[in-house]
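Colleague: Okay, handing you the structure first.
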Amino acid sequence: MSGMSVSLIYARSENYCIGREGNLPWELPDEFAHFTRTTTGGAVIMGRKTYQDHNSYLSGRRNIVLTSNRDLPLAPNVLRENSLSAAIALAEPDGGEIFVIGGCGLLREALPVATTVYETVVHAALKGDTFVDPFDFSSWRTDVLEQHPADAAHSYGFTIYRHARDVPPHQP
């Protein structure tokens, strides 16, 4: 992998839940707007299950699905790769930021090469079937980007964090 900047972006509950039956276990329009605003103009790399949860092209971004299944039907303009390093290489020509958006295994695999992690913590313990690892950001610089209360459009309050490494990530 080259020196291109790789970021992770995801939302999780306080008990690290990120999914339930192929969907997010919440509806938070302002958090989704943060995701769209942050990733637009860059490339998004996702695993097969994450792609199949929405089965469509995320506009304004280069979309790359990691899968070894050459027969997996993909929407027009969605690209396919079979390794994280190949997906990063495919994303680089855009020159924008590269975002790994899920699932759990891909987030875990990409963390060692990530320079930034955008993590939204939804202020609730939620039931689900998909959980992200509790990553250790103690050696990272952490900034709060937004604190959003629960309101009529948001069942739960949430906080958006940006974790950034002070030292370059490991390059295998």
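The way I read the labels, and the way they are meant: chains A, B, ... in the order of the structure tokens, residue 1 as the first residue of every chain, and ligand 1 as the first ligand shown, with later ones counted on from there.
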Check chain A with DSSP on the backbone and list each residue it calls strand (DSSP E), as a VMD selection string.
Modeller: chain A and resid 6 to 13 17 to 19 43 to 47 62 to 66 78 to 81 98 to 102 116 to 122 130 to 131 141 to 148 158 to 164
Colleague: Could you list, as a ChimeraX atom specification, every residue within 12 Å of Pro29 of chain A, counting only C-alpha atoms and ignoring same-chain residues fewer than 3 positions away?
Modeller: /A:24,26,32-36,148,150-158
Colleague: Choose the residue, out of A:Thr38, A:Thr120, A:Thr130, A:Asn69, that has the smallest atom-to-atom separation from Glu146 of chain A; count only C-alpha atoms.
Modeller: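 Among the listed residues, A:Thr120 lies closest to Glu146 of chain A.
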Colleague: Would you pick out the contacts of Ser5 of chain A at 9 Å or less, using only C-alpha atoms, so that residues sharing its chain but fewer than 2 positions from it are not included, and give the list as a list in words?
Modeller: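 Within the cut-off, the hits are Ser2, Gly3, Ser7, Gly96, Glu97, Ile98, Phe99, Val113, Ala114, Thr115 and Thr116 of chain A.
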Colleague: Would you mind listing what lies within 7 Å of Cys17 of chain A as a VMD selection string, with only C-alpha atoms counted and same-chain residues fewer than 6 positions away left out?
Modeller: chain A and resid 126 128 130 to 132
Colleague: Could you save those same residues with C-alpha atoms as a compact mmCIF listing (two decimals), in the first residue's frame?
Modeller:
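Output saved as out-v8.txt:
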```txt
# COMPACT_ATOMS: atom_id res chain seq x y z
CA LEU A 126 -29.15 -1.29 21.20
CA GLY A 128 -28.57 -6.06 16.99
CA THR A 130 -23.60 -6.97 14.03
CA PHE A 131 -21.02 -5.45 16.37
CA VAL A 132 -17.78 -3.57 15.66
```
Colleague: From a DSSP pass on the backbone, collect the residues of segment 37-68 of chain A flagged as helix (DSSP H, G or I) and hand them back as number ranges by chain.
Modeller: A: 37-39, 48-54
Colleague: Rank nothing, just name the residue among A:Ile18, A:Leu66, A:Ala43, A:Leu72 nearest to Val6 of chain A, using only C-alpha atoms.
Modeller: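 Closest residue, counting only C-alpha atoms: A:Ala43.
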Colleague: Pick from A:Ser59, A:Thr40, A:Ser138, A:Gln52: nearest to Leu74 of chain A, with only C-alpha atoms counted?
Modeller: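 Of all the options, A:Gln52 lies closest to Leu74 of chain A.
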Colleague: Find the residue from A:Ala75, A:Leu28, A:Cys104, A:Ile160 that sits nearest to Pro134 of chain A; use only C-alpha atoms when measuring.
Modeller: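 Closest candidate: A:Cys104.
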Colleague: Using only C-alpha atoms, determine which residues lie at most 12 Å from Phe135 of chain A, disregarding the query and same-chain residues fewer than 5 positions distant; provide the list as a PDB file with C-alpha atoms, in the first residue's frame.
Modeller:
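Written output follows (result_24.pdb):
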```
ATOM      1  CA  LEU A   8     -12.562   4.608   8.539  1.00  0.00           C
ATOM      2  CA  ARG A  12     -21.972   2.486  16.590  1.00  0.00           C
ATOM      3  CA  TYR A  16     -20.755  -1.364  19.760  1.00  0.00           C
ATOM      4  CA  CYS A 104     -16.794  -5.185  10.841  1.00  0.00           C
ATOM      5  CA  LEU A 107     -12.894  -2.082   9.512  1.00  0.00           C
ATOM      6  CA  ARG A 108     -10.662  -4.342  11.639  1.00  0.00           C
ATOM      7  CA  GLU A 109      -8.410  -5.125   8.632  1.00  0.00           C
ATOM      8  CA  ALA A 110      -8.101  -1.466   7.604  1.00  0.00           C
ATOM      9  CA  LEU A 111      -7.439   0.032  11.057  1.00  0.00           C
ATOM     10  CA  PRO A 112      -3.652  -0.637  10.972  1.00  0.00           C
ATOM     11  CA  VAL A 117     -11.255   7.345  12.031  1.00  0.00           C
ATOM     12  CA  GLU A 119     -16.617   7.414  14.727  1.00  0.00           C
ATOM     13  CA  TRP A 140      -4.647   8.798  18.833  1.00  0.00           C
ATOM     14  CA  HIS A 163      -9.531  10.173  15.824  1.00  0.00           C
TER      15      HIS A 163
END
```
